[in-house]
file my_file.pdb (PDB, C-alpha atoms and all ligand atoms)
ATOM      1  CA  MET A 422       2.754   8.154 -23.729
ATOM      2  CA  LEU A 423       2.000   8.249 -20.018
ATOM      3  CA  GLN A 424       5.568   9.459 -19.423
ATOM      4  CA  GLY A 425       4.322  12.975 -20.290
ATOM      5  CA  LEU A 426       2.455  13.067 -16.964
ATOM      6  CA  TYR A 427       5.804  13.557 -15.228
ATOM      7  CA  ASN A 428       6.393  16.869 -17.070
ATOM      8  CA  ASN A 429       4.366  18.949 -14.655
ATOM      9  CA  CYS A 430       3.628  16.477 -11.903
ATOM     10  CA  HIS A 431       0.241  16.603 -10.210
ATOM     11  CA  LEU A 432      -0.145  12.863  -9.690
ATOM     12  CA  CYS A 433      -0.781  13.256  -5.978
ATOM     13  CA  PRO A 434      -2.254  16.011  -3.785
ATOM     14  CA  ARG A 435       1.201  17.511  -3.123
ATOM     15  CA  SER A 436       0.778  18.991  -6.640
ATOM     16  CA  CYS A 437       4.442  19.983  -6.860
ATOM     17  CA  GLY A 438       4.356  20.754 -10.594
ATOM     18  CA  ALA A 439       7.901  19.336 -10.819
ATOM     19  CA  ASN A 440       9.255  18.505 -14.258
ATOM     20  CA  ARG A 441      10.358  15.026 -13.299
ATOM     21  CA  ASN A 442      11.268  14.136 -16.884
ATOM     22  CA  ALA A 443      13.881  16.908 -16.667
ATOM     23  CA  GLY A 444      15.297  15.468 -13.435
ATOM     24  CA  GLU A 445      13.379  17.670 -10.978
ATOM     25  CA  LYS A 446      12.140  16.120  -7.756
ATOM     26  CA  GLY A 447       8.968  16.983  -5.881
ATOM     27  CA  PHE A 448       7.878  16.089  -2.345
ATOM     28  CA  CYS A 449       8.156  12.354  -3.119
ATOM     29  CA  GLY A 450      11.865  12.832  -3.831
ATOM     30  CA  MET A 451      11.814  11.018  -7.167
ATOM     31  CA  THR A 452      12.392  11.947 -10.797
ATOM     32  CA  ASP A 453      10.710   9.963 -13.591
ATOM     33  CA  ARG A 454      13.223   7.091 -13.148
ATOM     34  CA  PHE A 455      12.157   4.119 -11.063
ATOM     35  CA  VAL A 456      14.168   3.639  -7.882
ATOM     36  CA  ALA A 457      13.681   0.336  -6.065
ATOM     37  CA  ALA A 458      15.345  -0.890  -2.872
ATOM     38  CA  ARG A 459      14.389  -4.568  -2.861
ATOM     39  CA  ALA A 460      12.673  -7.140  -5.055
ATOM     40  CA  ALA A 461      12.203 -10.460  -3.306
ATOM     41  CA  LEU A 462       9.703 -12.979  -2.007
ATOM     42  CA  HIS A 463       7.971 -11.482   1.019
ATOM     43  CA  MET A 464       6.331 -13.771   3.583
ATOM     44  CA  TRP A 465       4.667 -11.279   5.906
ATOM     45  CA  GLU A 466       1.648 -10.057   3.991
ATOM     46  CA  GLU A 467      -1.826 -11.461   4.722
ATOM     47  CA  PRO A 468      -1.874 -15.289   4.290
ATOM     48  CA  CYS A 469      -3.948 -15.095   1.084
ATOM     49  CA  ILE A 470      -1.298 -12.794  -0.421
ATOM     50  CA  SER A 471       1.960 -14.370   0.773
ATOM     51  CA  GLY A 472       0.847 -18.011   0.978
ATOM     52  CA  ARG A 473       3.664 -20.536   1.302
ATOM     53  CA  ASN A 474       5.702 -19.274  -1.626
ATOM     54  CA  GLY A 475       5.666 -15.591  -0.838
ATOM     55  CA  SER A 476       4.567 -12.436  -2.558
ATOM     56  CA  GLY A 477       6.907 -11.124  -5.256
ATOM     57  CA  THR A 478       7.440  -7.728  -3.710
ATOM     58  CA  VAL A 479       9.089  -4.698  -5.267
ATOM     59  CA  PHE A 480       9.771  -1.922  -2.749
ATOM     60  CA  PHE A 481       9.961   1.449  -4.487
ATOM     61  CA  SER A 482      11.854   4.365  -2.980
ATOM     62  CA  GLY A 483      10.275   7.746  -2.272
ATOM     63  CA  CYS A 484       6.802   8.466  -0.917
ATOM     64  CA  THR A 485       3.969  10.958  -1.298
ATOM     65  CA  LEU A 486       3.207  10.905   2.433
ATOM     66  CA  GLY A 487       5.885  11.607   5.038
ATOM     67  CA  CYS A 488       4.610   9.941   8.186
ATOM     68  CA  VAL A 489       6.500  10.946  11.304
ATOM     69  CA  TYR A 490       6.519   7.278  12.415
ATOM     70  CA  CYS A 491       7.443   5.828   9.008
ATOM     71  CA  GLN A 492       8.304   2.118   9.271
ATOM     72  CA  ASN A 493      10.299   2.159   6.020
ATOM     73  CA  ARG A 494      12.143   5.430   6.530
ATOM     74  CA  ASN A 495      15.239   4.591   4.478
ATOM     75  CA  ILE A 496      13.281   4.001   1.321
ATOM     76  CA  ALA A 497      10.578   6.591   1.932
ATOM     77  CA  LEU A 498      13.236   9.281   2.099
ATOM     78  CA  GLY A 499      14.946   7.808  -0.950
ATOM     79  CA  LEU A 500      18.082   7.020   1.074
ATOM     80  CA  ALA A 501      18.129   3.436  -0.176
ATOM     81  CA  GLY A 502      17.496   2.162  -3.673
ATOM     82  CA  LYS A 503      18.868   1.777  -7.137
ATOM     83  CA  GLU A 504      17.693   3.501 -10.291
ATOM     84  CA  ILE A 505      16.351   1.070 -12.881
ATOM     85  CA  PRO A 506      14.861   1.430 -16.358
ATOM     86  CA  LYS A 507      11.389   0.128 -17.190
ATOM     87  CA  GLU A 508      12.865  -2.878 -19.044
ATOM     88  CA  ARG A 509      14.652  -3.995 -15.857
ATOM     89  CA  LEU A 510      11.425  -3.678 -13.853
ATOM     90  CA  VAL A 511       9.676  -5.959 -16.343
ATOM     91  CA  GLU A 512      12.567  -8.427 -16.058
ATOM     92  CA  ILE A 513      12.228  -8.340 -12.257
ATOM     93  CA  PHE A 514       8.554  -9.345 -12.571
ATOM     94  CA  PHE A 515       9.595 -12.421 -14.542
ATOM     95  CA  GLU A 516      12.444 -13.247 -12.128
ATOM     96  CA  LEU A 517      10.078 -13.120  -9.158
ATOM     97  CA  ALA A 518       7.628 -15.371 -11.023
ATOM     98  CA  ASP A 519      10.493 -17.841 -11.672
ATOM     99  CA  GLN A 520      11.208 -17.865  -7.929
ATOM    100  CA  GLY A 521       7.612 -19.045  -7.352
ATOM    101  CA  ALA A 522       5.916 -15.771  -6.348
ATOM    102  CA  ASN A 523       2.144 -15.846  -5.971
ATOM    103  CA  ASN A 524       1.788 -12.321  -7.321
ATOM    104  CA  ILE A 525       3.677  -9.110  -8.017
ATOM    105  CA  ASN A 526       3.322  -6.738  -5.112
ATOM    106  CA  LEU A 527       4.150  -3.107  -5.921
ATOM    107  CA  VAL A 528       4.882  -1.333  -2.644
ATOM    108  CA  THR A 529       4.658   2.467  -2.527
ATOM    109  CA  ALA A 530       4.617   2.804  -6.294
ATOM    110  CA  ASP A 531       2.080   5.665  -6.213
ATOM    111  CA  HIS A 532       4.478   8.351  -7.461
ATOM    112  CA  PHE A 533       5.549   6.024 -10.312
ATOM    113  CA  ILE A 534       2.059   5.002 -11.482
ATOM    114  CA  PRO A 535       2.437   6.190 -15.108
ATOM    115  CA  GLY A 536       5.643   4.143 -15.489
ATOM    116  CA  VAL A 537       4.235   1.194 -13.571
ATOM    117  CA  ALA A 538       1.196   1.109 -15.861
ATOM    118  CA  GLU A 539       3.527   0.944 -18.873
ATOM    119  CA  ALA A 540       5.635  -1.808 -17.264
ATOM    120  CA  ILE A 541       2.568  -3.926 -16.453
ATOM    121  CA  LYS A 542       1.277  -3.530 -20.016
ATOM    122  CA  GLU A 543       4.702  -4.553 -21.345
ATOM    123  CA  ALA A 544       4.850  -7.625 -19.084
ATOM    124  CA  LYS A 545       1.333  -8.683 -20.076
ATOM    125  CA  LYS A 546       2.270  -8.287 -23.741
ATOM    126  CA  GLU A 547       5.132 -10.699 -23.081
ATOM    127  CA  GLY A 548       2.698 -13.238 -21.609
ATOM    128  CA  PHE A 549       3.023 -12.477 -17.884
ATOM    129  CA  SER A 550       0.046 -13.957 -16.055
ATOM    130  CA  LEU A 551       0.445 -13.506 -12.268
ATOM    131  CA  PRO A 552      -1.889 -11.039 -10.528
ATOM    132  CA  PHE A 553      -0.556  -7.513  -9.967
ATOM    133  CA  LEU A 554      -1.117  -5.917  -6.612
ATOM    134  CA  LEU A 555      -0.834  -2.227  -5.638
ATOM    135  CA  ASN A 556       0.221  -1.791  -2.024
ATOM    136  CA  THR A 557      -0.413   1.863  -1.257
ATOM    137  CA  GLY A 558      -0.701   4.465   1.473
ATOM    138  CA  SER A 559      -3.683   5.824  -0.517
ATOM    139  CA  TYR A 560      -2.434   9.410  -0.711
ATOM    140  CA  ILE A 561      -2.916   9.573  -4.434
ATOM    141  CA  HIS A 562      -5.489  11.151  -6.719
ATOM    142  CA  ALA A 563      -8.299   8.864  -7.865
ATOM    143  CA  ASP A 564      -7.657  10.117 -11.419
ATOM    144  CA  THR A 565      -4.061   8.844 -11.233
ATOM    145  CA  LEU A 566      -5.328   5.428 -10.177
ATOM    146  CA  LYS A 567      -7.493   5.330 -13.299
ATOM    147  CA  LEU A 568      -4.235   4.672 -15.209
ATOM    148  CA  LEU A 569      -4.208   1.234 -13.578
ATOM    149  CA  ASP A 570      -7.794   0.351 -14.483
ATOM    150  CA  GLY A 571      -7.825  -3.233 -15.750
ATOM    151  CA  LEU A 572      -4.105  -3.704 -14.966
ATOM    152  CA  VAL A 573      -4.137  -4.197 -11.189
ATOM    153  CA  ASP A 574      -5.997  -7.255  -9.903
ATOM    154  CA  ILE A 575      -5.618  -6.765  -6.171
ATOM    155  CA  TYR A 576      -5.570  -3.523  -4.232
ATOM    156  CA  LEU A 577      -3.974  -3.317  -0.799
ATOM    157  CA  PRO A 578      -4.653   0.274   0.302
ATOM    158  CA  ASP A 579      -4.228   1.753   3.776
ATOM    159  CA  LEU A 580      -6.846   3.909   5.373
ATOM    160  CA  LYS A 581      -4.577   5.521   7.950
ATOM    161  CA  TYR A 582      -6.738   8.334   9.320
ATOM    162  CA  ILE A 583     -10.276   9.604   9.216
ATOM    163  CA  ASP A 584      -9.552  12.729  11.262
ATOM    164  CA  PRO A 585      -7.829  15.558   9.334
ATOM    165  CA  LYS A 586      -6.079  16.686  12.534
ATOM    166  CA  THR A 587      -4.344  13.338  13.035
ATOM    167  CA  ALA A 588      -3.483  13.211   9.329
ATOM    168  CA  GLY A 589      -1.993  16.689   9.597
ATOM    169  CA  SER A 590       0.084  15.987  12.696
ATOM    170  CA  PHE A 591       1.306  12.509  11.832
ATOM    171  CA  SER A 592       1.636  12.674   8.018
ATOM    172  CA  HIS A 593       1.629  16.399   7.142
ATOM    173  CA  ALA A 594      -1.469  15.739   5.033
ATOM    174  CA  PRO A 595      -4.673  17.107   6.596
ATOM    175  CA  ASP A 596      -6.559  16.308   3.379
ATOM    176  CA  TYR A 597      -5.576  12.627   3.663
ATOM    177  CA  PRO A 598      -9.025  11.364   4.773
ATOM    178  CA  GLU A 599     -10.900  12.782   1.761
ATOM    179  CA  ILE A 600      -8.131  11.845  -0.701
ATOM    180  CA  ALA A 601      -7.754   8.289   0.609
ATOM    181  CA  LYS A 602     -11.516   7.691   0.709
ATOM    182  CA  ALA A 603     -11.811   8.814  -2.927
ATOM    183  CA  ALA A 604      -8.813   6.639  -3.889
ATOM    184  CA  ILE A 605     -10.342   3.558  -2.253
ATOM    185  CA  ASP A 606     -13.658   4.296  -3.939
ATOM    186  CA  GLU A 607     -11.876   4.312  -7.301
ATOM    187  CA  MET A 608     -10.214   0.969  -6.527
ATOM    188  CA  VAL A 609     -13.583  -0.525  -5.616
ATOM    189  CA  ARG A 610     -15.132   0.911  -8.796
ATOM    190  CA  GLN A 611     -12.423  -0.685 -10.957
ATOM    191  CA  LEU A 612     -12.801  -4.084  -9.335
ATOM    192  CA  ARG A 613     -16.597  -3.909  -9.529
ATOM    193  CA  SER A 614     -16.432  -3.095 -13.206
ATOM    194  CA  ARG A 615     -14.317  -6.210 -13.745
ATOM    195  CA  CYS A 616     -17.093  -8.223 -12.111
ATOM    196  CA  GLY A 617     -19.975  -6.810 -14.142
ATOM    197  CA  GLY A 618     -20.412  -3.534 -12.248
ATOM    198  CA  GLN A 619     -22.415  -4.140  -9.084
ATOM    199  CA  ARG A 620     -20.230  -5.920  -6.598
ATOM    200  CA  ILE A 621     -16.683  -7.189  -6.236
ATOM    201  CA  GLU A 622     -16.556 -10.954  -6.483
ATOM    202  CA  THR A 623     -13.340 -11.774  -4.646
ATOM    203  CA  VAL A 624     -11.504 -14.626  -6.360
ATOM    204  CA  PHE A 625      -9.127 -17.114  -4.690
ATOM    205  CA  ASN A 626      -7.264 -19.933  -6.432
ATOM    206  CA  GLY A 627      -7.265 -23.574  -5.261
ATOM    207  CA  GLN A 628      -4.487 -22.809  -2.724
ATOM    208  CA  GLY A 629      -6.483 -19.962  -1.181
ATOM    209  CA  ILE A 630      -4.342 -17.253  -2.787
ATOM    210  CA  MET A 631      -6.266 -14.122  -3.763
ATOM    211  CA  GLN A 632      -6.447 -13.496  -7.501
ATOM    212  CA  ARG A 633      -8.774 -10.485  -7.466
ATOM    213  CA  GLY A 634     -10.077  -8.311  -4.646
ATOM    214  CA  ILE A 635      -9.259  -5.591  -2.160
ATOM    215  CA  ILE A 636      -7.855  -5.706   1.355
ATOM    216  CA  ILE A 637      -8.031  -2.376   3.183
ATOM    217  CA  ARG A 638      -5.454  -2.073   5.933
ATOM    218  CA  HIS A 639      -5.339  -0.023   9.064
ATOM    219  CA  LEU A 640      -2.247   0.094  11.236
ATOM    220  CA  LEU A 641      -3.404   0.778  14.773
ATOM    221  CA  LEU A 642      -1.317   3.495  16.412
ATOM    222  CA  PRO A 643      -0.799   3.760  20.173
ATOM    223  CA  GLY A 644      -3.596   5.764  21.787
ATOM    224  CA  ARG A 645      -5.651   5.928  18.555
ATOM    225  CA  VAL A 646      -8.243   3.193  19.166
ATOM    226  CA  LEU A 647     -11.203   5.541  18.820
ATOM    227  CA  GLU A 648     -10.113   6.773  15.396
ATOM    228  CA  ALA A 649      -9.379   3.178  14.330
ATOM    229  CA  LYS A 650     -12.923   2.208  15.279
ATOM    230  CA  LEU A 651     -14.358   5.102  13.265
ATOM    231  CA  ILE A 652     -12.341   3.879  10.273
ATOM    232  CA  VAL A 653     -13.667   0.331  10.613
ATOM    233  CA  LYS A 654     -17.215   1.689  10.967
ATOM    234  CA  TYR A 655     -16.854   3.885   7.886
ATOM    235  CA  LEU A 656     -15.498   1.053   5.736
ATOM    236  CA  PHE A 657     -17.996  -1.541   6.915
ATOM    237  CA  GLU A 658     -20.984   0.769   6.465
ATOM    238  CA  LYS A 659     -19.820   1.794   2.990
ATOM    239  CA  TYR A 660     -18.621  -1.502   1.555
ATOM    240  CA  GLY A 661     -19.844  -4.273   3.879
ATOM    241  CA  ASP A 662     -18.321  -7.661   3.132
ATOM    242  CA  GLU A 663     -17.421  -6.685  -0.418
ATOM    243  CA  VAL A 664     -13.978  -5.719   0.889
ATOM    244  CA  TYR A 665     -11.586  -7.387   3.333
ATOM    245  CA  LEU A 666     -10.260  -5.446   6.308
ATOM    246  CA  SER A 667      -6.834  -6.051   7.776
ATOM    247  CA  LEU A 668      -6.332  -4.619  11.243
ATOM    248  CA  MET A 669      -2.678  -4.491  12.146
ATOM    249  CA  ASN A 670      -0.898  -4.148  15.482
ATOM    250  CA  GLN A 671       2.687  -4.164  14.206
ATOM    251  CA  TYR A 672       3.465  -0.493  14.830
ATOM    252  CA  THR A 673       7.115  -0.259  15.887
ATOM    253  CA  PRO A 674       8.549   2.938  17.419
ATOM    254  CA  PRO A 675      11.955   3.903  16.009
ATOM    255  CA  ALA A 676      14.836   2.096  17.724
ATOM    256  CA  ASP A 677      16.634   5.405  18.301
ATOM    257  CA  PRO A 678      14.913   7.269  21.197
ATOM    258  CA  ALA A 679      15.929  10.583  19.595
ATOM    259  CA  GLU A 680      13.697   9.780  16.600
ATOM    260  CA  ARG A 681      10.635   8.928  18.664
ATOM    261  CA  ILE A 682       7.540  11.137  18.697
ATOM    262  CA  PRO A 683       6.350  11.354  22.333
ATOM    263  CA  LYS A 684       2.744  10.381  21.495
ATOM    264  CA  LEU A 685       3.954   7.415  19.448
ATOM    265  CA  ALA A 686       6.893   6.267  21.535
ATOM    266  CA  ARG A 687       5.421   2.894  22.519
ATOM    267  CA  LYS A 688       3.949  -0.190  20.913
ATOM    268  CA  VAL A 689       0.196  -0.792  20.808
ATOM    269  CA  THR A 690      -1.002  -2.630  23.907
ATOM    270  CA  GLU A 691      -2.792  -5.965  23.805
ATOM    271  CA  ALA A 692      -5.861  -4.272  25.369
ATOM    272  CA  GLU A 693      -5.978  -1.590  22.648
ATOM    273  CA  TYR A 694      -5.759  -4.146  19.879
ATOM    274  CA  ARG A 695      -8.342  -6.462  21.484
ATOM    275  CA  SER A 696     -10.709  -3.521  21.850
ATOM    276  CA  LEU A 697     -10.453  -2.764  18.116
ATOM    277  CA  ILE A 698     -10.874  -6.394  17.064
ATOM    278  CA  GLY A 699     -13.837  -6.812  19.437
ATOM    279  CA  TYR A 700     -15.486  -3.726  17.969
ATOM    280  CA  ALA A 701     -15.063  -5.003  14.404
ATOM    281  CA  ALA A 702     -16.569  -8.357  15.395
ATOM    282  CA  GLU A 703     -19.532  -6.629  17.102
ATOM    283  CA  LEU A 704     -20.183  -4.579  13.960
ATOM    284  CA  GLY A 705     -20.371  -7.826  11.990
ATOM    285  CA  VAL A 706     -17.084  -7.700  10.059
ATOM    286  CA  LYS A 707     -16.431 -11.231   8.828
ATOM    287  CA  ASN A 708     -13.989 -10.663   5.990
ATOM    288  CA  GLY A 709     -11.110  -9.558   8.098
ATOM    289  CA  PHE A 710      -7.551 -10.313   9.078
ATOM    290  CA  MET A 711      -6.023  -9.757  12.465
ATOM    291  CA  GLN A 712      -2.480 -10.277  13.634
ATOM    292  CA  GLU A 713      -1.535 -12.730  16.323
ATOM    293  CA  GLY A 714       1.430 -12.862  18.639
ATOM    294  CA  GLU A 715       4.353 -10.478  18.734
ATOM    295  CA  THR A 716       4.327  -8.749  15.365
ATOM    296  CA  ALA A 717       5.661  -5.397  16.537
ATOM    297  CA  ASP A 718       9.228  -6.322  15.879
ATOM    298  CA  GLU A 719      11.785  -4.761  13.592
ATOM    299  CA  SER A 720      12.581  -8.194  12.140
ATOM    300  CA  PHE A 721       9.311  -7.927  10.201
ATOM    301  CA  ILE A 722      10.734  -4.901   8.408
ATOM    302  CA  PRO A 723      12.886  -6.276   5.557
ATOM    303  CA  GLU A 724      16.423  -5.210   4.773
ATOM    304  CA  PHE A 725      16.418  -2.628   1.995
ATOM    305  CA  ASP A 726      19.753  -3.800   0.690
ATOM    306  CA  GLY A 727      19.053  -3.827  -3.030
ATOM    307  CA  GLU A 728      18.379  -7.588  -3.158
ATOM    308  CA  GLY A 729      16.852  -8.594  -6.482
ATOM    309  CA  VAL A 730      17.051  -5.111  -8.006
TER     310      VAL A 730
HETATM  311  S1  LIG A 801       4.052  12.406  -7.234
HETATM  312 FE1  LIG A 801       5.810  13.434  -6.306
HETATM  313  S2  LIG A 801       6.342  15.148  -7.680
HETATM  314 FE2  LIG A 801       4.280  14.408  -8.234
HETATM  315  S3  LIG A 801       2.871  15.736  -7.133
HETATM  316 FE3  LIG A 801       3.208  13.922  -5.851
HETATM  317  S4  LIG A 801       4.925  14.411  -4.496
HETATM  318 FE4  LIG A 801       4.899  15.937  -6.145
END
call {"tool": "encode", "arguments": {"input": "my_file.pdb", "output": "structure tokens", "more": "lines below"}}
Ligand code: SF4
result
Amino acid sequence: MLQGLYNNCHLCPRSCGANRNAGEKGFCGMTDRFVAARAALHMWEEPCISGRNGSGTVFFSGCTLGCVYCQNRNIALGLAGKEIPKERLVEIFFELADQGANNINLVTADHFIPGVAEAIKEAKKEGFSLPFLLNTGSYIHADTLKLLDGLVDIYLPDLKYIDPKTAGSFSHAPDYPEIAKAAIDEMVRQLRSRCGGQRIETVFNGQGIMQRGIIIRHLLLPGRVLEAKLIVKYLFEKYGDEVYLSLMNQYTPPADPAERIPKLARKVTEAEYRSLIGYAAELGVKNGFMQEGETADESFIPEFDGEGV
């Protein structure tokens, strides 16, 4: 039983050693019980994920990171959410499918991976056929991700930083770059092995909705264009057009000025974003997504009001 992995938890680099099965909480703030804050159709992922119908998104509470600019603070800190058993999570998958979801999108489920793996297996046993997607900040051990080998069809990881200093100041995780790179490498390995081993063959259905593949995201932060370019360079040189890159400009400073970090107190400028997109194009990135128009708006952050949970 994978549940035993919560006894002395080392699923992520925080390595708390918490006995989550006994109700202890580590850095992520969660015991072994799933806590989810919303399960609904989500329209604001990349077009090949959301499509017209929406992505069946389950937002889990708690987080292994702790970014000072967190866009989902209420759930990351575990302030919002409802505890649910595995059976209810499986039911939610089916309910989202009944609503017309294109896929099941597991957001910030990293600290629940053993339970999530069991829930996916259970759903598949009951005949569930939509693709499963892991939407992750990538601060998770590659070995933990191995539990999802063959279960997750689409990976949506972030690569937030490549400089340990930035990772330390903004997410209290100076080892983030090495951990996230190894995590992404494991995701690529899994998807390659499902395609015969050499290369990921990204699969779309007749409506252009991704069925298998990886989209690596980077949220551009104000004043961090140089680091963003180094991230794009790293990913393109390592994986070429085998992966999709999604370069995002939707960073939103907290509404309350008291919560703002001085270096991150503004939105990304048009010039900063254009510079990053231009650089990616010059490098030769073709499999990419960019954002258009005014996306840095709190209305793109859903209400974590327990809908669908
Ligand atoms: S998953 Fe949570 S309890 Fe486990 S090591 Fe990471 S932060 Fe600690």
call {"tool": "axis_aligned_box", "arguments": {"input": "my_file.pdb", "around": "ligand LIG 801 (chain A)", "padding_each_side": "5 Å", "output": "AutoDock Vina command-line options"}}
result
--center_x 4.6 --center_y 14.2 --center_z -6.4 --size_x 13.5 --size_y 13.5 --size_z 13.7
call {"tool": "atom_distance", "arguments": {"input": "my_file.pdb", "atom1": "CA of Thr452 in chain A", "atom2": "CA of Pro598 in chain A"}}
result
26.5 Å
call {"tool": "residues_near_ligand", "arguments": {"input": "my_file.pdb", "ligand": "ligand LIG 801 (chain A)", "cutoff": "8 Å", "atoms": "only C-alpha atoms and all ligand atoms", "output": "ChimeraX atom specification"}}
result
/A:427,429-441,446-452,484-486,531-533,561
call {"tool": "write_last_selection", "arguments": {"input": "my_file.pdb", "atoms": "C-alpha atoms", "output": "PDB file, keeping the file's coordinate frame"}}
result
ATOM      1  CA  TYR A 427       5.804  13.557 -15.228  1.00  0.00           C
ATOM      2  CA  ASN A 429       4.366  18.949 -14.655  1.00  0.00           C
ATOM      3  CA  CYS A 430       3.628  16.477 -11.903  1.00  0.00           C
ATOM      4  CA  HIS A 431       0.241  16.603 -10.210  1.00  0.00           C
ATOM      5  CA  LEU A 432      -0.145  12.863  -9.690  1.00  0.00           C
ATOM      6  CA  CYS A 433      -0.781  13.256  -5.978  1.00  0.00           C
ATOM      7  CA  PRO A 434      -2.254  16.011  -3.785  1.00  0.00           C
ATOM      8  CA  ARG A 435       1.201  17.511  -3.123  1.00  0.00           C
ATOM      9  CA  SER A 436       0.778  18.991  -6.640  1.00  0.00           C
ATOM     10  CA  CYS A 437       4.442  19.983  -6.860  1.00  0.00           C
ATOM     11  CA  GLY A 438       4.356  20.754 -10.594  1.00  0.00           C
ATOM     12  CA  ALA A 439       7.901  19.336 -10.819  1.00  0.00           C
ATOM     13  CA  ASN A 440       9.255  18.505 -14.258  1.00  0.00           C
ATOM     14  CA  ARG A 441      10.358  15.026 -13.299  1.00  0.00           C
ATOM     15  CA  LYS A 446      12.140  16.120  -7.756  1.00  0.00           C
ATOM     16  CA  GLY A 447       8.968  16.983  -5.881  1.00  0.00           C
ATOM     17  CA  PHE A 448       7.878  16.089  -2.345  1.00  0.00           C
ATOM     18  CA  CYS A 449       8.156  12.354  -3.119  1.00  0.00           C
ATOM     19  CA  GLY A 450      11.865  12.832  -3.831  1.00  0.00           C
ATOM     20  CA  MET A 451      11.814  11.018  -7.167  1.00  0.00           C
ATOM     21  CA  THR A 452      12.392  11.947 -10.797  1.00  0.00           C
ATOM     22  CA  CYS A 484       6.802   8.466  -0.917  1.00  0.00           C
ATOM     23  CA  THR A 485       3.969  10.958  -1.298  1.00  0.00           C
ATOM     24  CA  LEU A 486       3.207  10.905   2.433  1.00  0.00           C
ATOM     25  CA  ASP A 531       2.080   5.665  -6.213  1.00  0.00           C
ATOM     26  CA  HIS A 532       4.478   8.351  -7.461  1.00  0.00           C
ATOM     27  CA  PHE A 533       5.549   6.024 -10.312  1.00  0.00           C
ATOM     28  CA  ILE A 561      -2.916   9.573  -4.434  1.00  0.00           C
TER      29      ILE A 561
END
call {"tool": "atom_distance", "arguments": {"input": "my_file.pdb", "atom1": "CA of Thr623 in chain A", "atom2": "CA of Leu642 in chain A"}}
result
28.7 Å
call {"tool": "residues_around", "arguments": {"input": "my_file.pdb", "residues": "range 466-483 of chain A", "least_positions_apart": "4", "cutoff": "6 Å", "atoms": "all atoms listed in the file", "output": "short mmCIF file (atom, residue, chain, number, x, y, z; two decimals) with C-alpha atoms, in the frame of the given file"}}
result
data_model
loop_
_atom_site.label_atom_id
_atom_site.label_comp_id
_atom_site.auth_asym_id
_atom_site.auth_seq_id
_atom_site.Cartn_x
_atom_site.Cartn_y
_atom_site.Cartn_z
CA CYS A 449 8.16 12.35 -3.12
CA GLY A 450 11.86 12.83 -3.83
CA VAL A 456 14.17 3.64 -7.88
CA ALA A 457 13.68 0.34 -6.06
CA ALA A 458 15.34 -0.89 -2.87
CA ARG A 459 14.39 -4.57 -2.86
CA ALA A 460 12.67 -7.14 -5.06
CA ALA A 461 12.20 -10.46 -3.31
CA LEU A 462 9.70 -12.98 -2.01
CA ILE A 496 13.28 4.00 1.32
CA ALA A 497 10.58 6.59 1.93
CA LEU A 498 13.24 9.28 2.10
CA GLY A 499 14.95 7.81 -0.95
CA LEU A 517 10.08 -13.12 -9.16
CA ALA A 522 5.92 -15.77 -6.35
CA ASN A 523 2.14 -15.85 -5.97
CA ASN A 524 1.79 -12.32 -7.32
CA ILE A 525 3.68 -9.11 -8.02
CA ASN A 526 3.32 -6.74 -5.11
CA LEU A 527 4.15 -3.11 -5.92
CA VAL A 528 4.88 -1.33 -2.64
CA THR A 529 4.66 2.47 -2.53
CA ALA A 530 4.62 2.80 -6.29
CA GLY A 629 -6.48 -19.96 -1.18
CA ILE A 630 -4.34 -17.25 -2.79
CA MET A 631 -6.27 -14.12 -3.76
#
call {"tool": "residues_near_point", "arguments": {"input": "my_file.pdb", "point": "(-3.7, -2.2, -10.7)", "cutoff": "7 Å", "atoms": "all atoms listed in the file", "output": "number ranges by chain"}}
result
A: 553-555, 569-576
call {"tool": "build_atoms", "arguments": {"input": "my_file.pdb", "residues": "range 631-639 of chain A", "atoms": "N, CA and C atoms", "output": "short mmCIF file (atom, residue, chain, number, x, y, z; two decimals), in the coordinates of the input"}}
result
data_model
loop_
_atom_site.label_atom_id
_atom_site.label_comp_id
_atom_site.auth_asym_id
_atom_site.auth_seq_id
_atom_site.Cartn_x
_atom_site.Cartn_y
_atom_site.Cartn_z
N MET A 631 -5.37 -15.08 -3.11
CA MET A 631 -6.27 -14.12 -3.76
C MET A 631 -5.79 -13.82 -5.19
N GLN A 632 -6.75 -13.81 -6.10
CA GLN A 632 -6.45 -13.50 -7.50
C GLN A 632 -7.05 -12.15 -7.90
N ARG A 633 -8.14 -11.78 -7.20
CA ARG A 633 -8.77 -10.48 -7.47
C ARG A 633 -9.50 -10.06 -6.20
N GLY A 634 -9.38 -8.79 -5.84
CA GLY A 634 -10.08 -8.31 -4.65
C GLY A 634 -9.36 -7.13 -4.03
N ILE A 635 -9.85 -6.74 -2.85
CA ILE A 635 -9.26 -5.59 -2.16
C ILE A 635 -9.19 -5.89 -0.67
N ILE A 636 -8.04 -5.60 -0.10
CA ILE A 636 -7.86 -5.71 1.36
C ILE A 636 -7.46 -4.31 1.84
N ILE A 637 -8.31 -3.73 2.68
CA ILE A 637 -8.03 -2.38 3.18
C ILE A 637 -7.39 -2.50 4.57
N ARG A 638 -6.22 -1.90 4.70
CA ARG A 638 -5.45 -2.07 5.93
C ARG A 638 -5.55 -0.86 6.84
N HIS A 639 -5.52 -1.13 8.12
CA HIS A 639 -5.34 -0.02 9.06
C HIS A 639 -4.32 -0.45 10.11
#
